[in-house]
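The next block is final_12.pdb, given as PDB, C-alpha atoms.
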```
ATOM      1  CA  GLN T 102     -18.021  68.565  47.070
ATOM      2  CA  GLU T 103     -18.870  71.217  44.487
ATOM      3  CA  GLU T 104     -21.832  72.383  46.572
ATOM      4  CA  LEU T 105     -19.674  72.571  49.702
ATOM      5  CA  LYS T 106     -17.008  74.478  47.796
ATOM      6  CA  THR T 107     -19.653  76.966  46.670
ATOM      7  CA  ARG T 108     -20.932  77.445  50.200
ATOM      8  CA  LYS T 109     -17.384  77.886  51.499
ATOM      9  CA  LEU T 110     -16.506  80.649  49.054
ATOM     10  CA  GLU T 111     -19.902  82.308  49.368
ATOM     11  CA  THR T 112     -19.434  82.391  53.146
ATOM     12  CA  LEU T 113     -15.965  83.896  52.847
ATOM     13  CA  LEU T 114     -17.181  86.564  50.439
ATOM     14  CA  ARG T 115     -20.402  87.300  52.325
ATOM     15  CA  ASP T 116     -18.532  87.878  55.566
ATOM     16  CA  SER T 117     -16.022  90.207  53.899
ATOM     17  CA  ASN T 118     -16.329  93.977  53.672
ATOM     18  CA  LEU T 119     -16.086  94.000  49.885
ATOM     19  CA  GLU T 120     -18.598  95.891  47.797
ATOM     20  CA  ASP T 121     -21.424  93.734  46.479
ATOM     21  CA  LYS T 122     -20.368  94.261  42.862
ATOM     22  CA  ASP T 123     -16.843  93.044  43.637
ATOM     23  CA  LYS T 124     -18.238  89.991  45.421
ATOM     24  CA  ARG T 125     -20.222  89.105  42.319
ATOM     25  CA  ILE T 126     -17.091  89.409  40.189
ATOM     26  CA  LEU T 127     -15.050  87.218  42.525
ATOM     27  CA  GLU T 128     -17.648  84.460  42.464
ATOM     28  CA  SER T 129     -16.141  83.627  39.066
ATOM     29  CA  ILE T 130     -13.338  81.957  41.042
ATOM     30  CA  LEU T 131     -15.660  78.960  41.381
ATOM     31  CA  LEU T 132     -14.522  78.058  37.855
ATOM     32  CA  LEU T 133     -11.004  77.403  39.163
ATOM     33  CA  PRO T 134     -10.031  73.956  40.511
ATOM     34  CA  LEU T 135      -9.595  75.016  44.142
ATOM     35  CA  GLU T 136     -10.653  72.420  46.691
ATOM     36  CA  TRP T 137     -13.192  73.799  49.142
ATOM     37  CA  GLN T 138     -11.414  72.194  52.127
ATOM     38  CA  SER T 139      -8.253  74.198  51.523
ATOM     39  CA  THR T 140      -9.475  77.468  50.004
ATOM     40  CA  LYS T 141      -8.409  80.609  51.832
ATOM     41  CA  ILE T 142      -9.168  84.252  51.183
ATOM     42  CA  GLY T 143      -7.275  87.338  52.281
ATOM     43  CA  ILE T 144      -8.515  90.915  51.947
ATOM     44  CA  ASN T 145      -6.238  93.889  52.547
ATOM     45  CA  GLU T 146      -6.858  97.607  52.254
ATOM     46  CA  GLU T 147      -3.887  99.153  50.475
ATOM     47  CA  ASP T 148      -3.062 102.725  49.479
ATOM     48  CA  TYR T 149      -4.146 102.003  45.908
ATOM     49  CA  GLY T 150      -7.372 100.166  46.810
ATOM     50  CA  THR T 151      -8.536  96.733  47.961
ATOM     51  CA  SER T 152      -6.429  93.631  47.354
ATOM     52  CA  VAL T 153      -8.085  90.206  47.420
ATOM     53  CA  ALA T 154      -6.130  86.944  47.352
ATOM     54  CA  VAL T 155      -7.860  83.587  46.993
ATOM     55  CA  GLY T 156      -5.561  80.592  47.155
ATOM     56  CA  ASP T 157      -5.269  76.858  47.600
ATOM     57  CA  THR T 158      -3.315  75.923  50.716
ATOM     58  CA  ARG T 159      -2.341  72.561  49.214
ATOM     59  CA  GLU T 160      -0.019  74.234  46.729
ATOM     60  CA  PRO T 161       1.552  77.574  47.737
ATOM     61  CA  GLY T 162       1.289  80.210  45.014
ATOM     62  CA  THR T 163      -1.807  78.670  43.476
ATOM     63  CA  GLY T 164      -4.861  80.878  43.179
ATOM     64  CA  VAL T 165      -5.773  84.416  42.180
ATOM     65  CA  THR T 166      -4.806  87.865  43.429
ATOM     66  CA  VAL T 167      -7.037  90.752  42.351
ATOM     67  CA  ASP T 168      -6.593  94.460  43.135
ATOM     68  CA  PHE T 169      -9.603  96.758  42.841
ATOM     69  CA  TYR T 170      -7.919 100.089  42.072
ATOM     70  CA  ASN T 171     -10.961 102.297  41.557
ATOM     71  CA  ASP T 172     -14.400 102.252  39.965
ATOM     72  CA  ASN T 173     -12.857 101.713  36.519
ATOM     73  CA  THR T 174      -9.729  99.584  36.860
ATOM     74  CA  ILE T 175      -8.901  96.124  38.169
ATOM     75  CA  ARG T 176      -5.432  94.628  38.293
ATOM     76  CA  ILE T 177      -4.885  90.871  38.322
ATOM     77  CA  ASP T 178      -1.522  90.094  39.883
ATOM     78  CA  ARG T 179      -1.696  86.327  39.774
ATOM     79  CA  ILE T 180      -3.585  83.504  38.061
ATOM     80  CA  ASN T 181      -2.150  80.101  38.884
ATOM     81  CA  VAL T 182      -3.898  76.737  38.860
ATOM     82  CA  THR T 183      -2.499  73.507  40.281
ATOM     83  CA  LYS T 184       0.126  71.858  38.076
ATOM     84  CA  GLU T 185      -2.003  68.824  37.312
ATOM     85  CA  LYS T 186      -4.799  71.095  35.988
ATOM     86  CA  GLN T 187      -2.659  73.315  33.772
ATOM     87  CA  ARG T 188      -2.986  73.440  29.960
ATOM     88  CA  ARG T 189      -6.660  72.501  30.068
ATOM     89  CA  GLY T 190      -8.111  75.929  29.268
ATOM     90  CA  ILE T 191      -9.163  76.553  32.880
ATOM     91  CA  GLY T 192      -7.341  79.874  33.162
ATOM     92  CA  ARG T 193      -8.789  81.090  29.862
ATOM     93  CA  GLN T 194     -12.323  80.096  30.890
ATOM     94  CA  TRP T 195     -11.990  81.880  34.223
ATOM     95  CA  LEU T 196     -10.505  85.037  32.713
ATOM     96  CA  GLU T 197     -13.255  85.285  30.105
ATOM     97  CA  GLU T 198     -15.916  84.969  32.817
ATOM     98  CA  PHE T 199     -14.057  87.457  35.041
ATOM     99  CA  GLU T 200     -13.951  89.974  32.173
ATOM    100  CA  ARG T 201     -17.664  89.514  31.490
ATOM    101  CA  ARG T 202     -18.622  90.058  35.126
ATOM    102  CA  ALA T 203     -16.268  93.014  35.575
ATOM    103  CA  GLY T 204     -17.585  94.715  32.457
ATOM    104  CA  ASN T 205     -21.186  94.204  33.532
ATOM    105  CA  GLU T 206     -20.373  95.763  36.924
ATOM    106  CA  GLY T 207     -19.062  98.940  35.297
ATOM    107  CA  TYR T 208     -15.304  98.334  35.153
ATOM    108  CA  THR T 209     -13.655  99.408  31.915
ATOM    109  CA  GLN T 210     -10.033  98.261  32.196
ATOM    110  CA  ILE T 211      -8.084  95.229  33.402
ATOM    111  CA  ILE T 212      -4.321  95.345  33.945
ATOM    112  CA  LEU T 213      -2.217  92.180  34.086
ATOM    113  CA  GLU T 214       1.380  91.297  34.746
ATOM    114  CA  ALA T 215       2.141  88.907  31.882
ATOM    115  CA  SER T 216       4.981  86.967  33.424
ATOM    116  CA  ALA T 217       7.815  85.158  31.676
ATOM    117  CA  ASP T 218       9.521  84.145  34.932
ATOM    118  CA  HIS T 219      10.055  80.595  36.201
ATOM    119  CA  GLY T 220       8.505  78.966  33.163
ATOM    120  CA  ASP T 221       5.353  81.116  33.173
ATOM    121  CA  VAL T 222       3.669  81.589  29.795
ATOM    122  CA  GLY T 223       1.545  84.631  30.652
ATOM    123  CA  TYR T 224       3.649  86.811  28.349
ATOM    124  CA  ILE T 225       2.309  84.703  25.457
ATOM    125  CA  PHE T 226      -1.113  83.738  26.797
ATOM    126  CA  PHE T 227      -2.473  87.162  27.774
ATOM    127  CA  PRO T 228      -1.518  89.047  24.585
ATOM    128  CA  GLN T 229      -3.276  86.313  22.617
ATOM    129  CA  MET T 230      -6.422  87.111  24.622
ATOM    130  CA  GLY T 231      -6.381  90.755  23.579
ATOM    131  CA  TYR T 232      -4.162  92.268  26.290
ATOM    132  CA  ASP T 233      -1.581  94.703  24.978
ATOM    133  CA  GLY T 234       1.404  96.651  26.265
ATOM    134  CA  GLU T 235       4.452  98.577  25.116
ATOM    135  CA  LEU T 236       7.621  96.593  24.542
ATOM    136  CA  SER T 237      10.839  97.576  26.249
ATOM    137  CA  LYS T 238      13.401  99.464  24.181
ATOM    138  CA  GLU T 239      15.739  96.475  24.292
ATOM    139  CA  VAL T 240      13.098  94.118  22.919
ATOM    140  CA  VAL T 241      12.103  96.628  20.237
ATOM    141  CA  ASN T 242      15.705  97.058  19.073
ATOM    142  CA  ASN T 243      16.410  93.319  19.050
ATOM    143  CA  ALA T 244      13.184  92.492  17.250
ATOM    144  CA  ARG T 245      13.866  95.120  14.596
ATOM    145  CA  GLU T 246      17.401  93.820  14.086
ATOM    146  CA  ASP T 247      15.967  90.332  13.553
ATOM    147  CA  GLY T 248      13.429  91.671  11.055
ATOM    148  CA  VAL T 249      10.238  90.760  12.928
ATOM    149  CA  LEU T 250       9.164  94.293  13.939
ATOM    150  CA  ASP T 251       8.718  97.353  11.740
ATOM    151  CA  GLU T 252      10.150 100.766  12.545
ATOM    152  CA  ASN T 253       6.830 102.289  13.603
ATOM    153  CA  GLU T 254       5.779  99.337  15.797
ATOM    154  CA  THR T 255       6.327  99.249  19.559
ATOM    155  CA  MET T 256       3.480  97.150  21.005
ATOM    156  CA  VAL T 257       3.406  93.456  21.793
ATOM    157  CA  SER T 258       0.312  93.150  19.566
ATOM    158  CA  ASP T 259       2.423  94.410  16.653
ATOM    159  CA  LEU T 260       5.067  91.787  17.303
ATOM    160  CA  ILE T 261       2.787  88.767  17.618
ATOM    161  CA  SER T 262       0.600  89.736  14.634
ATOM    162  CA  THR T 263       2.783  87.575  12.386
ATOM    163  CA  LYS T 264       3.796  83.950  12.779
ATOM    164  CA  GLU T 265       7.483  84.896  12.721
ATOM    165  CA  GLY T 266       6.968  87.594  15.338
ATOM    166  CA  LEU T 267       5.021  85.271  17.613
ATOM    167  CA  GLU T 268       7.740  82.628  17.463
ATOM    168  CA  TRP T 269      10.373  85.290  18.129
ATOM    169  CA  TRP T 270       8.424  86.532  21.164
ATOM    170  CA  ARG T 271       8.002  82.975  22.397
ATOM    171  CA  GLU T 272      11.780  82.525  22.391
ATOM    172  CA  ASN T 273      12.856  86.020  23.475
ATOM    173  CA  GLY T 274       9.875  87.484  25.331
ATOM    174  CA  GLU T 275       9.959  88.960  28.810
ATOM    175  CA  SER T 276       7.528  89.864  31.566
ATOM    176  CA  ILE T 277       5.365  92.789  30.531
ATOM    177  CA  GLU T 278       2.455  94.779  31.931
ATOM    178  CA  VAL T 279      -0.520  94.544  29.596
ATOM    179  CA  THR T 280      -3.953  96.157  29.542
ATOM    180  CA  LYS T 281      -7.337  95.368  28.035
ATOM    181  CA  GLU T 282     -10.353  97.600  27.667
ATOM    182  CA  ILE T 283     -13.595  95.846  28.606
ATOM    183  CA  ARG T 284     -17.274  96.709  28.462
ATOM    184  CA  ALA T 285     -20.621  95.321  29.482
ATOM    185  CA  GLN T 286     -21.591  92.147  27.682
ATOM    186  CA  GLN T 287     -25.033  90.753  27.208
ATOM    187  CA  THR T 288     -25.500  87.284  28.638
ATOM    188  CA  PRO T 289     -26.141  84.928  25.715
ATOM    189  CA  VAL T 290     -29.842  84.245  25.339
ATOM    190  CA  GLN T 291     -30.792  80.586  25.238
ATOM    191  CA  ARG T 292     -32.806  80.031  22.113
ATOM    192  CA  GLN T 293     -35.943  77.959  22.535
ATOM    193  CA  PRO T 294     -36.359  75.065  20.089
ATOM    194  CA  PRO T 295     -39.171  75.568  17.594
ATOM    195  CA  GLN T 296     -42.487  74.255  18.888
ATOM    196  CA  PRO T 297     -44.394  71.769  16.694
ATOM    197  CA  GLN T 298     -47.433  73.312  15.083
ATOM    198  CA  PRO T 299     -50.787  71.490  15.239
ATOM    199  CA  PRO T 300     -51.911  70.043  11.903
ATOM    200  CA  GLN T 301     -54.040  72.416   9.889
ATOM    201  CA  PRO T 302     -57.367  71.172   8.430
ATOM    202  CA  PRO T 303     -57.397  70.867   4.659
ATOM    203  CA  ALA T 304     -58.631  73.927   2.802
ATOM    204  CA  THR T 305     -62.275  73.797   1.719
ATOM    205  CA  ILE T 306     -62.787  74.369  -1.992
ATOM    206  CA  VAL T 307     -66.098  76.072  -2.745
ATOM    207  CA  PRO T 308     -67.298  75.379  -6.311
ATOM    208  CA  GLN T 309     -67.949  78.544  -8.297
ATOM    209  CA  PRO T 310     -71.090  78.886 -10.514
ATOM    210  CA  PRO T 311     -70.433  78.817 -14.256
ATOM    211  CA  ALA T 312     -70.000  82.183 -15.939
ATOM    212  CA  PRO T 313     -73.141  83.369 -17.836
ATOM    213  CA  ASP T 314     -73.181  82.863 -21.599
ATOM    214  CA  LEU T 315     -73.150  86.362 -23.171
ATOM    215  CA  SER T 316     -73.109  85.237 -26.805
TER     216      SER T 316
END
```

Represent the structure from my file as structure tokens, please.
Amino acid sequence: QEELKTRKLETLLRDSNLEDKDKRILESILLLPLEWQSTKIGINEEDYGTSVAVGDTREPGTGVTVDFYNDNTIRIDRINVTKEKQRRGIGRQWLEEFERRAGNEGYTQIILEASADHGDVGYIFFPQMGYDGELSKEVVNNAREDGVLDENETMVSDLISTKEGLEWWRENGESIEVTKEIRAQQTPVQRQPPQPQPPQPPATIVPQPPAPDLS
């Protein structure tokens, strides 16, 4: 099934009019638990760039929507896995691989909508992965009144930098647009195990002649 799933997505991407670099980035979607029989892909040219949606027809709303704004910026509008596969680190694994591929293809920024709607936890999850954004004035004022945000702090990273602030954000947070700067990453090099060395022959000791008697 995994091989068929790979062929299915590769076929969908190969037949699309996406740039090769964007196809390579989107191949990271293979890390998501989408069944090959029900995977669909939609590509639309919008005013801002190219929008790509890959979803699972078994569960509406499940999948990924990615917008390629320009040569520097990608926006991810949606990352949803099936309910039975949630809270297993799948989204984190995919996002880390997506970031690595995007950085290696020359993109420098990813924008996300960190949602707090309908039970979503993106507003907590994405900031903990290094995405940051400016808090609304209402949140800033409320957080300062509750003593979890200093006067000169306005970013979500400021708020969640303390345990008290993180818990406050968990209870009172809202959907927020967050951004992360990315760069090219070297693929980890697999270290080879040390090779056994052949046994060395014992050292030969050459007897030295006695020193002459000068007395």

Can you pull out the residues contacting segment 255-261 of chain T? Cut-off 6 Å, using only C-alpha atoms, and skip same-chain residues under 5 positions away; I want them as a short mmCIF file (atom, residue, chain, number, x, y, z; two decimals) with C-alpha atoms, in the coordinates of the input.
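Result went into selection-v9.cif, see below:
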```
data_model
loop_
_atom_site.label_atom_id
_atom_site.label_comp_id
_atom_site.auth_asym_id
_atom_site.auth_seq_id
_atom_site.Cartn_x
_atom_site.Cartn_y
_atom_site.Cartn_z
CA ASP T 233 -1.58 94.70 24.98
CA GLY T 234 1.40 96.65 26.26
CA GLU T 235 4.45 98.58 25.12
CA LEU T 236 7.62 96.59 24.54
CA LEU T 250 9.16 94.29 13.94
CA GLY T 266 6.97 87.59 15.34
CA LEU T 267 5.02 85.27 17.61
#
```

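Note that atom CA of Asp148 of chain T and atom CA of Glu206 of chain T are 22.5 Å apart.
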
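Residue nearest Ala217 of chain T, chosen from T:Asn273, T:Asn205, T:Ser262, T:Asn253 and counting all atoms listed in the file: T:Asn273.
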
Self-check item: d(atom CA of Thr263 of chain T, atom CA of Gln194 of chain T) in Å
Solution: 25.0 Å

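In terms of minimum interatomic distance to Lys124 of chain T, T:Phe199 ranks closest within T:Ser216, T:Phe199, T:Pro228, T:Lys141, counting all atoms listed in the file.
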
Practice problem: Check which residues satisfy the PyMOL selection byres ((chain T and resi 153) around 12) in the file shown, then give them as a PyMOL selection string. | Solution: chain T and resi 113-114+117-120+123-124+126-127+130+141-147+150-152+154-156+164-170+175-179

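Using only C-alpha atoms, the contacts of Tyr224 of chain T at a cut-off of 8 Å, with sequence neighbours closer than 5 positions omitted, comprise T:Ala215, T:Ser216, T:Ala217, T:Gly274, T:Glu275, T:Ser276, T:Ile277.
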
Around segment 259-271 of chain T, with edges along x, y and z and 6 Å added on all six sides, what centre and edge lengths do you get, in Å to one decimal, as AutoDock Vina command-line options?
```
--center_x 5.5 --center_y 88.5 --center_z 17.4 --size_x 21.8 --size_y 23.8 --size_z 22.0
```

Exercise. List the residues matched by the PyMOL selection byres ((chain T and resi 241) around 9) in the displayed structure as a PyMOL selection string, ordered by chain and then by residue number.
Key: chain T and resi 236-240+242-246+250+252+254-256

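For the atom pair formed by atom CA of Ile212 of chain T and atom CA of Thr112 of chain T, the distance is 27.7 Å, given to one decimal.
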
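Take the candidates T:Asp247, T:Glu268, T:Asp221, T:Glu282 and check each one against Ala203 of chain T using only C-alpha atoms; the shortest distance goes to T:Glu282.
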